[in-house]
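A short write-up of the structure that comes next.
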Amino acid sequence: MRKIDNTETNRKIGSRSGLAEILCEHKGKGKQIALLSVNELKKKYKGAALGTLWAVIKPSFTLFILWFAFAVGLRSSGDVLFMGEKYRRFEFMLTGYVPWFFISEMIIGGSRSIRSNKQFVTKLSFPVSNIMTFTSLASLYIHLMLCVIMCIVLLCLGHSPSVYNLQFVYYCFMMYLFFLVLSWTTAPLSAFSKDFENLINSIITGLFWLSGVFWSTYDVENPIIKKIMYLNPVNYFVNGYRKCFLTHSFIFDSNYTTETVVFYAELIVLILIGSHYYKKFRKILPDVL
């Protein structure tokens, strides 16, 4: 009788969609995921005297170098035009670098998450999709600390708090969700092939320069290239942060409807692809690792 019940249970599980399976694996696991995300941070900086403080020190040092280079060393570099207004180059780059650092950590860390936590897959009965979630959550903690530093710097530069700053919650959440969903595809594929992980590391550099971290994608003159830029989700978040903290523009500004529609279309497609690949590779991951 028990065998029949198990067979029926397995049949029901197998009939679920990939997305339903992922959501089911997260049900009631909130506290466990939070604890594992903290352990992930501790594990990453284990052995260092300053511990997890390095998670903030490293990007903060880069921000200091950017400030010194553009505010002190390259004063003649001029201001940057963004959405019809001029901004100091450092503050423009600051609001682009902070989300980029989070994005790059999410992409690289997400792709490595299963391989670096393979003990959960091979030795324990553990919901694998939770691995990507707590790994991404660990990166989110660092990002929030950097955002606090960014807000303090912008305040010192003369940018007073505004109600538009609250839109940061939207962009931060959507950024976390988008690249978490991306890891549903990249993490299993990286677990199968080390070459795929190396490919992602190579793409990151190109993605950095093709995104509007240091320059404004809205000022591209060629109309075809300008439309292609909408396909890059990094631009959506980088420009979004600048709208929150520099220009004080509304999220769903009618002048920028196209990039919003494209982003949500990409998110839906990514959810479908990611959940499909996760379900496809989930059962054979223990044998591969």
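Just remember, in the structure tokens the first chain shown is A, the second B, etc., residues are 1-based per chain, and ligands are 1-based in the order shown.
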>> Could you list, as a PyMOL selection string, every residue within 10 Å of Glu25 of chain A, counting only C-alpha atoms and ignoring same-chain residues fewer than 6 positions away?
In response: chain A and resi 19+126-130
Residue subset to file, keeping C-alpha atoms, as a tab-separated table (two decimals), in the first residue's frame:
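File produced: part.tsv:
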chain	number	residue	atom	x	y	z
A	19	LEU	CA	7.76	26.87	-11.53
A	126	PHE	CA	17.60	19.39	0.26
A	127	PRO	CA	15.45	21.51	-2.12
A	128	VAL	CA	18.08	22.55	-4.65
A	129	SER	CA	16.29	25.72	-5.75
A	130	ASN	CA	16.79	27.08	-2.23
>> Give me the residues near segment 105-112 of chain A as a count of residues only, where near means some atom within 8 Å (using only C-alpha atoms) and where sequence neighbours in that chain fewer than 3 positions away do not count.
In response: 22
Neighbour list for Pro286 of chain A as an mmCIF file with all heavy atoms, in the first residue's frame, cut-off 9 Å, only C-alpha atoms, skip fewer than 6 positions in-chain:
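Once written, selection-v3.cif looks like this:
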data_model
loop_
_atom_site.group_PDB
_atom_site.id
_atom_site.type_symbol
_atom_site.label_atom_id
_atom_site.label_comp_id
_atom_site.auth_asym_id
_atom_site.auth_seq_id
_atom_site.Cartn_x
_atom_site.Cartn_y
_atom_site.Cartn_z
ATOM 1 N N LYS A 118 27.595 21.909 -3.228
ATOM 2 C CA LYS A 118 27.174 20.598 -3.715
ATOM 3 C C LYS A 118 26.881 19.602 -2.601
ATOM 4 O O LYS A 118 26.223 18.589 -2.831
ATOM 5 C CB LYS A 118 28.227 20.022 -4.668
ATOM 6 C CG LYS A 118 29.599 19.805 -4.056
ATOM 7 C CD LYS A 118 30.544 19.276 -5.121
ATOM 8 C CE LYS A 118 31.941 19.041 -4.558
ATOM 9 N NZ LYS A 118 32.883 18.538 -5.603
ATOM 10 N N VAL A 121 23.364 18.928 -2.267
ATOM 11 C CA VAL A 121 22.756 18.157 -3.355
ATOM 12 C C VAL A 121 23.098 16.682 -3.245
ATOM 13 O O VAL A 121 22.249 15.807 -3.440
ATOM 14 C CB VAL A 121 23.220 18.695 -4.729
ATOM 15 C CG1 VAL A 121 22.544 17.937 -5.868
ATOM 16 C CG2 VAL A 121 22.940 20.186 -4.839
ATOM 17 N N THR A 122 24.358 16.375 -2.907
ATOM 18 C CA THR A 122 24.835 14.989 -2.942
ATOM 19 C C THR A 122 24.626 14.224 -1.639
ATOM 20 O O THR A 122 24.505 13.001 -1.651
ATOM 21 C CB THR A 122 26.334 14.968 -3.276
ATOM 22 O OG1 THR A 122 27.050 15.749 -2.293
ATOM 23 C CG2 THR A 122 26.588 15.563 -4.659
ATOM 24 N N LYS A 123 24.600 14.911 -0.505
ATOM 25 C CA LYS A 123 24.570 14.205 0.778
ATOM 26 C C LYS A 123 23.267 14.385 1.555
ATOM 27 O O LYS A 123 23.002 13.676 2.505
ATOM 28 C CB LYS A 123 25.738 14.678 1.654
ATOM 29 C CG LYS A 123 27.105 14.356 1.063
ATOM 30 C CD LYS A 123 28.215 14.840 1.984
ATOM 31 C CE LYS A 123 29.584 14.525 1.373
ATOM 32 N NZ LYS A 123 30.693 14.990 2.245
#
>> To one decimal place in Å, what is the distance between atom CA of Leu272 of chain A and atom CA of Phe250 of chain A?
In response: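 Here the two named atoms are 29.0 Å from each other.
Remark: for Tyr256 of chain A, the closest of the candidate residues A:Met83, A:Ile204, A:Leu63, A:Leu157 is A:Met83 (distances computed over only C-alpha atoms).
Across the structure, atom CA of Ser37 of chain A and atom CA of Leu137 of chain A are spaced 5.9 Å apart.
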>> Among segment 29-225 of chain A, which residues does DSSP mark as alpha helix (DSSP H) when it is run on the backbone? Keep the chain and numbering as in the structure and answer as a PyMOL selection string.
In response: chain A and resi 30-44+54-67+89-116+119-122+129-156+168-192+194-210+223-225
>> So, with only C-alpha atoms as the atoms that count, which of A:Leu267, A:Ser216, A:Trp184, A:Lys44 lies closest to Lys279 of chain A?
In response: A:Trp184
>> Rounded to one decimal, what separation in Å do you get between atom CA of Ile65 of chain A and atom CA of Tyr218 of chain A?
In response: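 Taking atom CA of Ile65 of chain A as the start and atom CA of Tyr218 of chain A as the end point, the length is 26.1 Å.
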> Of the candidates A:Trp215, A:Tyr171, A:Phe208, A:Phe192, which one gets nearest to Arg89 of chain A if we count only C-alpha atoms?
Replying inline: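 Counting only C-alpha atoms, the residue closest to Arg89 of chain A is A:Trp215.
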>> Taking only segment 35-238 of chain A into account, list the residues labelled strand (DSSP E or B) by DSSP (computed from the backbone), as a count of residues only.
In response: 6
